[in-house]
Amino acid sequence: MIKIAEFLALFFPHEDKGVAGFLMSFAYRILFCLLLLLTQSGCAMFKDIADVQDIKAWERDIVAQDKMQLDANSLDRMADDKIYFSREASRGGGSFGGGGCGCN
Amino acid sequence: MQLKKRQIRQALATATCSLLAGVAAESQAKDGEWEVKASTLFYKEIDRINVYEETLSLKKELAQDESISLKRTHDIMTGASPTGAAAPTATQTFTTPSGSDVTNTAGESPLGRFQDIRTAYNVTWDKPMSRLLKASWAANFSYEYDYTSGGLSAYFSKDTEKRRVTWNFGASANYDRIRPNGGVPTGLAATTDTARYPSDQKFMMDWLLGFSSVINRNTLGSMTYMGGFSAGYMNDPYKVISRLNVDGSPSGSEQFEKRPDERNYNSLHWRAVHQRKESQYAGDVVDLSYRFYWDDWEMDSHTLEGRYRHDVKNGSDGEYWQGHARLYRQSAASFYHYGLPVLSPDPGFASADYRLATAVTSTLGLLYGRKIFKDIDMTVRGEYLRQWYMSGDITPLNAIAVQGSLYYRF
């Protein structure tokens, strides 16, 4: 548990200045509370995610829905990839990106 | 009648499980159908750059599981970005050779103004090679007045016999040509040095191996390894690094940055998409992912991302809200320095580009989607992004993005 807390602490900058910083930390607190709320019922959910089953062809109605696809909202994801590619030093993920400078 | 046809199509798609190969949700379309995707994005960094982007994608189904698609992206970028120079201790105003006044505010990272237009094209041909193997061949090209990039990629998806697991593998190659405004400066040359050469180049290879799998009736999972290398000109020709006095203040002397001419990188990406079945949340979709990245510039990063979709009604107009949160942390490159001591000799490599610093990015976003006509899906979203830096005294980045998208099949 301490390891998880240490890992999460990596994402929280120590020096957080200004109104935007305050709003962001405020947003984090809300997000954290939501996560906690979710976790109340979420334990069952995480158990479901990890529950490997042999699914037959006729039982795939749910995973075949549009909203379950790995590239749902594809235009938004492409835009995100480009924003992060030009502002962060990492690349890669689940698919190839397009070309371009990423300078400036 | 149209509705019935669509229901039959969806039932067929479900029965054949064609989606399990990780192909686009939108690719449920059958022979002869067109799919149009269009989006407009406005991205604004407070006091820095503005980007206006339009994307148009056309896809034509040629046969069962075979399609050809063309995508065009057009960006207009204006504004300013940090040059890499250290923040001055007192506000300075000076006139550039072109005659415009530039003000560097005390304690704020100095900015360089720029504008650019980028147009990118992508053509993709999806074709089944056998009952269980699909191939996707793609070519991409992008053009900016100071940068041209072209590449080819091949991507294969192989279903196992029971179609419970899909193996994905592929490779891509890219060639870039860089022609900076005013020429390419030599790495670590003083900014007062006027020697330049016209252009330089970079070559990149990426490869990918992974699988997607049906975990259970409500859950899809995927795991992907990506590796690659870049070789050639890796500097940002517009970025500089300051020489610093003993007290840490900028001495006024600056040099162009210099990065290694090779980079090898790796990433591992894990993802799960789960539809909740608890009665009070039934139909809600949770999408979680984690990526670990590492390279031989001694950078590594962790990315945690989550989306939560809630359907407003289980009705006909498909109205839903989707929240988005992303946390990212990277360590600094081995040659990153906020500035170099004024009397020290030149290191082998040095860059003060804030994108190579130890940094954290946080994003919060909200998306609203619904059908606006029978076959048109619409989404609108807003995102707020903030980036902090743990190295030196770099001004944090605040940005907002607003995007509207349409998905149309006919």
# chains A, B, ... in the order shown; residues from 1 in each chain; ligands from 1
$ select_by_dssp --residues "segment 196-406 of chain B" --states "helix (DSSP H, G or I)" --output "ChimeraX atom specification"
/B:279-281,354-356
$ interface_residues --of "chain A" --to "chain B" --cutoff "6 Å" --atoms "only C-alpha atoms" --output "list in words"
Val52, Gln53, Asp61, Ala64, Asp66, Gln69, Asp71, Arg87, Glu88, Ala89, Gly92, Gly93, Gly94, Gly99, Gly100 and Asn104 of chain A
$ write_last_selection --atoms "N, CA and C atoms" --output "compact mmCIF listing (two decimals), in the first residue's frame"
# COMPACT_ATOMS: atom_id res chain seq x y z
N VAL A 52 -11.02 -13.92 -15.60
CA VAL A 52 -10.84 -14.48 -16.94
C VAL A 52 -11.79 -15.66 -17.15
N GLN A 53 -12.55 -15.57 -18.23
CA GLN A 53 -13.52 -16.64 -18.53
C GLN A 53 -13.42 -17.04 -19.99
N ASP A 61 -22.01 -10.28 -27.24
CA ASP A 61 -22.83 -9.12 -27.60
C ASP A 61 -22.34 -7.85 -26.93
N ALA A 64 -18.89 -6.55 -28.28
CA ALA A 64 -18.96 -6.12 -29.69
C ALA A 64 -19.61 -4.75 -29.85
N ASP A 66 -20.22 -0.76 -29.97
CA ASP A 66 -19.35 0.35 -30.39
C ASP A 66 -18.58 0.95 -29.22
N GLN A 69 -15.21 -0.59 -27.99
CA GLN A 69 -14.06 -0.81 -28.87
C GLN A 69 -12.83 -0.05 -28.41
N ASP A 71 -10.72 1.54 -30.09
CA ASP A 71 -10.49 2.85 -30.70
C ASP A 71 -11.78 3.65 -30.88
N ARG A 87 4.44 17.70 -26.41
CA ARG A 87 4.71 18.34 -25.12
C ARG A 87 5.43 17.41 -24.14
N GLU A 88 5.57 16.16 -24.49
CA GLU A 88 6.23 15.20 -23.60
C GLU A 88 7.28 14.45 -24.40
N ALA A 89 8.22 13.80 -23.71
CA ALA A 89 9.34 13.16 -24.40
C ALA A 89 9.07 11.69 -24.73
N GLY A 92 4.96 6.06 -28.28
CA GLY A 92 4.53 4.66 -28.22
C GLY A 92 3.27 4.52 -27.40
N GLY A 93 2.72 3.33 -27.45
CA GLY A 93 1.44 3.05 -26.80
C GLY A 93 0.87 1.88 -27.52
N GLY A 94 -0.38 1.97 -27.88
CA GLY A 94 -1.03 0.84 -28.52
C GLY A 94 -0.95 0.82 -30.04
N GLY A 99 3.54 11.21 -38.74
CA GLY A 99 4.81 11.93 -38.73
C GLY A 99 4.62 13.38 -38.33
N GLY A 100 5.71 14.11 -38.28
CA GLY A 100 5.61 15.53 -37.98
C GLY A 100 6.70 15.95 -37.04
N ASN A 104 8.59 23.36 -31.37
CA ASN A 104 7.95 24.53 -30.78
C ASN A 104 7.21 24.26 -29.49
$ closest_residue --among "B:Val165, B:Leu288, B:Ile241, B:Ala135" --to "Ile55 of chain A" --atoms "only C-alpha atoms"
B:Val165
$ residues_around --residues "Thr192 of chain B" --least-positions-apart "5" --cutoff "10 Å" --atoms "only C-alpha atoms" --output "list in words"
Ser253, Glu254, Gln255 and Phe256 of chain B
$ atom_distance --atom1 "atom CA of Asp261 of chain B" --atom2 "atom CA of Lys202 of chain B"
8.8 Å
$ residues_around --residues "Leu188 of chain B" --least-positions-apart "4" --cutoff "10 Å" --atoms "only C-alpha atoms" --output "list of chain:residue names"
B:Val240, B:Ile241, B:Glu254, B:Gln255, B:Phe256, B:Glu257, B:Lys258, B:Arg259, B:Asp346, B:Pro347, B:Gly348, B:Phe349, B:Ala350, B:Ser351
$ write_last_selection --atoms "N, CA and C atoms" --output "PDB file, in the first residue's frame"
ATOM      1  N   VAL B 240      17.705  26.928 -27.255  1.00  0.00           N
ATOM      2  CA  VAL B 240      19.043  27.343 -26.797  1.00  0.00           C
ATOM      3  C   VAL B 240      19.229  26.946 -25.330  1.00  0.00           C
ATOM      4  N   ILE B 241      20.459  27.062 -24.854  1.00  0.00           N
ATOM      5  CA  ILE B 241      20.749  26.832 -23.433  1.00  0.00           C
ATOM      6  C   ILE B 241      21.609  27.985 -22.935  1.00  0.00           C
ATOM      7  N   GLU B 254      24.422  32.585 -24.634  1.00  0.00           N
ATOM      8  CA  GLU B 254      23.578  31.413 -24.937  1.00  0.00           C
ATOM      9  C   GLU B 254      24.176  30.592 -26.073  1.00  0.00           C
ATOM     10  N   GLN B 255      23.909  29.283 -26.053  1.00  0.00           N
ATOM     11  CA  GLN B 255      24.380  28.386 -27.110  1.00  0.00           C
ATOM     12  C   GLN B 255      23.196  27.576 -27.635  1.00  0.00           C
ATOM     13  N   PHE B 256      23.303  27.096 -28.883  1.00  0.00           N
ATOM     14  CA  PHE B 256      22.271  26.200 -29.395  1.00  0.00           C
ATOM     15  C   PHE B 256      22.406  24.841 -28.713  1.00  0.00           C
ATOM     16  N   GLU B 257      21.288  24.162 -28.570  1.00  0.00           N
ATOM     17  CA  GLU B 257      21.327  22.856 -27.892  1.00  0.00           C
ATOM     18  C   GLU B 257      21.971  21.790 -28.784  1.00  0.00           C
ATOM     19  N   LYS B 258      22.408  20.706 -28.152  1.00  0.00           N
ATOM     20  CA  LYS B 258      22.947  19.575 -28.901  1.00  0.00           C
ATOM     21  C   LYS B 258      22.541  18.275 -28.220  1.00  0.00           C
ATOM     22  N   ARG B 259      21.820  17.437 -28.981  1.00  0.00           N
ATOM     23  CA  ARG B 259      21.387  16.139 -28.448  1.00  0.00           C
ATOM     24  C   ARG B 259      22.149  15.021 -29.160  1.00  0.00           C
ATOM     25  N   ASP B 346      32.400  23.000 -22.636  1.00  0.00           N
ATOM     26  CA  ASP B 346      31.178  22.453 -23.239  1.00  0.00           C
ATOM     27  C   ASP B 346      31.049  20.971 -22.912  1.00  0.00           C
ATOM     28  N   PRO B 347      29.863  20.517 -22.477  1.00  0.00           N
ATOM     29  CA  PRO B 347      29.662  19.067 -22.313  1.00  0.00           C
ATOM     30  C   PRO B 347      29.485  18.447 -23.700  1.00  0.00           C
ATOM     31  N   GLY B 348      29.451  17.112 -23.764  1.00  0.00           N
ATOM     32  CA  GLY B 348      29.243  16.449 -25.052  1.00  0.00           C
ATOM     33  C   GLY B 348      27.888  16.811 -25.648  1.00  0.00           C
ATOM     34  N   PHE B 349      26.863  16.760 -24.794  1.00  0.00           N
ATOM     35  CA  PHE B 349      25.499  17.089 -25.225  1.00  0.00           C
ATOM     36  C   PHE B 349      24.848  17.943 -24.156  1.00  0.00           C
ATOM     37  N   ALA B 350      23.981  18.839 -24.568  1.00  0.00           N
ATOM     38  CA  ALA B 350      23.262  19.660 -23.590  1.00  0.00           C
ATOM     39  C   ALA B 350      21.988  20.204 -24.219  1.00  0.00           C
ATOM     40  N   SER B 351      20.895  20.158 -23.454  1.00  0.00           N
ATOM     41  CA  SER B 351      19.642  20.756 -23.903  1.00  0.00           C
ATOM     42  C   SER B 351      18.915  21.319 -22.695  1.00  0.00           C
TER      43      SER B 351
END
$ decode --residues "segment 61-211 of chain B" --atoms "C-alpha atoms" --output "mmCIF file, in the first residue's frame"
data_model
loop_
_atom_site.group_PDB
_atom_site.id
_atom_site.type_symbol
_atom_site.label_atom_id
_atom_site.label_comp_id
_atom_site.auth_asym_id
_atom_site.auth_seq_id
_atom_site.Cartn_x
_atom_site.Cartn_y
_atom_site.Cartn_z
ATOM 1 C CA GLU B 61 -15.626 -0.378 -47.776
ATOM 2 C CA LEU B 62 -14.437 -2.403 -50.770
ATOM 3 C CA ALA B 63 -15.433 -5.871 -49.564
ATOM 4 C CA GLN B 64 -15.976 -7.749 -46.332
ATOM 5 C CA ASP B 65 -13.275 -6.451 -43.935
ATOM 6 C CA GLU B 66 -11.477 -4.696 -46.812
ATOM 7 C CA SER B 67 -11.405 -0.920 -46.953
ATOM 8 C CA ILE B 68 -9.381 2.035 -48.076
ATOM 9 C CA SER B 69 -9.234 5.288 -46.138
ATOM 10 C CA LEU B 70 -7.783 8.733 -46.667
ATOM 11 C CA LYS B 71 -7.201 11.203 -43.861
ATOM 12 C CA ARG B 72 -6.164 14.836 -44.053
ATOM 13 C CA THR B 73 -5.134 16.931 -41.049
ATOM 14 C CA HIS B 74 -4.500 20.636 -41.292
ATOM 15 C CA ASP B 75 -3.014 22.657 -38.406
ATOM 16 C CA ILE B 76 -2.462 26.366 -38.024
ATOM 17 C CA MET B 77 -0.107 27.206 -35.159
ATOM 18 C CA THR B 78 0.652 30.709 -33.872
ATOM 19 C CA GLY B 79 2.081 32.145 -30.683
ATOM 20 C CA ALA B 80 5.194 31.639 -28.641
ATOM 21 C CA SER B 81 7.066 28.826 -26.930
ATOM 22 C CA PRO B 82 9.931 28.730 -24.409
ATOM 23 C CA THR B 83 13.336 29.018 -26.088
ATOM 24 C CA GLY B 84 15.120 27.071 -23.352
ATOM 25 C CA ALA B 85 16.916 30.201 -22.106
ATOM 26 C CA ALA B 86 16.980 30.715 -18.321
ATOM 27 C CA ALA B 87 14.452 33.108 -16.774
ATOM 28 C CA PRO B 88 15.951 36.615 -16.404
ATOM 29 C CA THR B 89 16.226 38.161 -12.940
ATOM 30 C CA ALA B 90 14.912 41.515 -14.218
ATOM 31 C CA THR B 91 12.419 42.253 -16.988
ATOM 32 C CA GLN B 92 14.202 42.952 -20.287
ATOM 33 C CA THR B 93 12.922 44.449 -23.526
ATOM 34 C CA PHE B 94 14.988 44.321 -26.700
ATOM 35 C CA THR B 95 14.457 44.716 -30.419
ATOM 36 C CA THR B 96 14.992 41.735 -32.693
ATOM 37 C CA PRO B 97 16.801 42.044 -36.071
ATOM 38 C CA SER B 98 13.375 42.029 -37.748
ATOM 39 C CA GLY B 99 12.425 45.137 -35.783
ATOM 40 C CA SER B 100 9.834 43.749 -33.340
ATOM 41 C CA ASP B 101 10.087 44.364 -29.603
ATOM 42 C CA VAL B 102 10.445 41.317 -27.344
ATOM 43 C CA THR B 103 9.907 41.463 -23.587
ATOM 44 C CA ASN B 104 11.288 38.805 -21.258
ATOM 45 C CA THR B 105 9.527 39.060 -17.901
ATOM 46 C CA ALA B 106 11.558 38.564 -14.725
ATOM 47 C CA GLY B 107 11.224 35.019 -13.370
ATOM 48 C CA GLU B 108 9.382 33.767 -16.476
ATOM 49 C CA SER B 109 10.852 31.453 -19.140
ATOM 50 C CA PRO B 110 11.786 33.573 -22.231
ATOM 51 C CA LEU B 111 9.577 32.890 -25.240
ATOM 52 C CA GLY B 112 10.270 32.786 -28.968
ATOM 53 C CA ARG B 113 7.453 33.718 -31.348
ATOM 54 C CA PHE B 114 6.620 31.512 -34.308
ATOM 55 C CA GLN B 115 3.876 30.542 -36.695
ATOM 56 C CA ASP B 116 3.511 27.438 -38.774
ATOM 57 C CA ILE B 117 1.037 25.573 -40.945
ATOM 58 C CA ARG B 118 1.120 21.806 -41.135
ATOM 59 C CA THR B 119 -0.751 19.572 -43.533
ATOM 60 C CA ALA B 120 -0.637 15.796 -43.139
ATOM 61 C CA TYR B 121 -2.077 12.971 -45.240
ATOM 62 C CA ASN B 122 -2.533 9.314 -44.406
ATOM 63 C CA VAL B 123 -3.733 6.526 -46.701
ATOM 64 C CA THR B 124 -4.571 3.142 -45.185
ATOM 65 C CA TRP B 125 -5.561 -0.056 -46.961
ATOM 66 C CA ASP B 126 -7.067 -2.771 -44.747
ATOM 67 C CA LYS B 127 -7.199 -6.197 -46.344
ATOM 68 C CA PRO B 128 -7.820 -9.716 -45.032
ATOM 69 C CA MET B 129 -4.981 -12.086 -45.957
ATOM 70 C CA SER B 130 -6.782 -15.226 -44.801
ATOM 71 C CA ARG B 131 -9.716 -16.196 -42.586
ATOM 72 C CA LEU B 132 -7.828 -15.259 -39.417
ATOM 73 C CA LEU B 133 -5.152 -12.835 -40.626
ATOM 74 C CA LYS B 134 -5.750 -9.189 -41.524
ATOM 75 C CA ALA B 135 -3.249 -6.700 -42.860
ATOM 76 C CA SER B 136 -3.245 -2.924 -42.760
ATOM 77 C CA TRP B 137 -0.863 -1.068 -45.086
ATOM 78 C CA ALA B 138 -0.421 2.662 -44.572
ATOM 79 C CA ALA B 139 1.517 5.610 -45.956
ATOM 80 C CA ASN B 140 1.752 9.031 -44.338
ATOM 81 C CA PHE B 141 3.161 12.359 -45.395
ATOM 82 C CA SER B 142 3.261 15.698 -43.615
ATOM 83 C CA TYR B 143 4.529 19.100 -44.642
ATOM 84 C CA GLU B 144 5.468 22.253 -42.743
ATOM 85 C CA TYR B 145 7.502 25.049 -44.321
ATOM 86 C CA ASP B 146 10.535 23.963 -42.233
ATOM 87 C CA TYR B 147 9.828 20.232 -41.845
ATOM 88 C CA THR B 148 8.788 17.382 -44.154
ATOM 89 C CA SER B 149 8.040 13.852 -43.018
ATOM 90 C CA GLY B 150 7.098 10.693 -44.912
ATOM 91 C CA GLY B 151 6.586 7.110 -43.789
ATOM 92 C CA LEU B 152 5.234 3.652 -44.467
ATOM 93 C CA SER B 153 3.786 1.105 -42.071
ATOM 94 C CA ALA B 154 2.480 -2.454 -42.101
ATOM 95 C CA TYR B 155 0.280 -3.815 -39.326
ATOM 96 C CA PHE B 156 -1.050 -7.368 -39.012
ATOM 97 C CA SER B 157 -3.764 -8.853 -36.781
ATOM 98 C CA LYS B 158 -3.996 -12.607 -36.374
ATOM 99 C CA ASP B 159 -6.956 -14.158 -34.580
ATOM 100 C CA THR B 160 -6.541 -17.422 -32.739
ATOM 101 C CA GLU B 161 -8.818 -20.250 -33.853
ATOM 102 C CA LYS B 162 -11.528 -19.475 -31.273
ATOM 103 C CA ARG B 163 -11.051 -15.713 -31.845
ATOM 104 C CA ARG B 164 -10.603 -15.161 -28.172
ATOM 105 C CA VAL B 165 -7.158 -13.575 -28.613
ATOM 106 C CA THR B 166 -5.889 -11.397 -31.450
ATOM 107 C CA TRP B 167 -2.136 -11.077 -31.928
ATOM 108 C CA ASN B 168 -0.982 -7.758 -33.364
ATOM 109 C CA PHE B 169 2.404 -7.093 -34.924
ATOM 110 C CA GLY B 170 3.777 -4.477 -37.259
ATOM 111 C CA ALA B 171 6.554 -2.123 -38.223
ATOM 112 C CA SER B 172 6.853 1.421 -39.518
ATOM 113 C CA ALA B 173 9.628 3.486 -41.072
ATOM 114 C CA ASN B 174 9.762 7.274 -41.280
ATOM 115 C CA TYR B 175 12.093 9.738 -42.952
ATOM 116 C CA ASP B 176 12.126 13.421 -41.921
ATOM 117 C CA ARG B 177 13.808 16.421 -43.548
ATOM 118 C CA ILE B 178 14.425 19.541 -41.447
ATOM 119 C CA ARG B 179 14.933 22.992 -43.014
ATOM 120 C CA PRO B 180 14.829 25.540 -40.171
ATOM 121 C CA ASN B 181 14.132 29.171 -40.827
ATOM 122 C CA GLY B 182 17.609 30.731 -41.286
ATOM 123 C CA GLY B 183 19.394 27.367 -41.585
ATOM 124 C CA VAL B 184 20.582 24.627 -39.216
ATOM 125 C CA PRO B 185 22.911 25.829 -36.431
ATOM 126 C CA THR B 186 25.762 23.625 -35.238
ATOM 127 C CA GLY B 187 25.099 22.004 -31.863
ATOM 128 C CA LEU B 188 26.514 24.034 -28.928
ATOM 129 C CA ALA B 189 27.570 26.903 -31.234
ATOM 130 C CA ALA B 190 27.079 30.337 -29.654
ATOM 131 C CA THR B 191 23.800 31.965 -30.733
ATOM 132 C CA THR B 192 25.907 34.887 -32.021
ATOM 133 C CA ASP B 193 27.643 32.492 -34.432
ATOM 134 C CA THR B 194 26.003 33.014 -37.839
ATOM 135 C CA ALA B 195 27.331 29.829 -39.519
ATOM 136 C CA ARG B 196 24.434 27.671 -40.702
ATOM 137 C CA TYR B 197 23.833 24.836 -43.141
ATOM 138 C CA PRO B 198 20.607 24.498 -45.125
ATOM 139 C CA SER B 199 19.008 21.244 -43.960
ATOM 140 C CA ASP B 200 19.406 17.972 -42.105
ATOM 141 C CA GLN B 201 17.582 14.645 -41.802
ATOM 142 C CA LYS B 202 16.329 11.961 -39.454
ATOM 143 C CA PHE B 203 15.333 8.314 -39.887
ATOM 144 C CA MET B 204 13.007 6.380 -37.568
ATOM 145 C CA MET B 205 11.900 2.757 -37.239
ATOM 146 C CA ASP B 206 9.184 1.477 -34.899
ATOM 147 C CA TRP B 207 8.021 -2.059 -34.270
ATOM 148 C CA LEU B 208 5.108 -3.370 -32.288
ATOM 149 C CA LEU B 209 4.038 -6.674 -30.802
ATOM 150 C CA GLY B 210 0.972 -7.217 -28.682
ATOM 151 C CA PHE B 211 -2.347 -8.873 -28.207
#
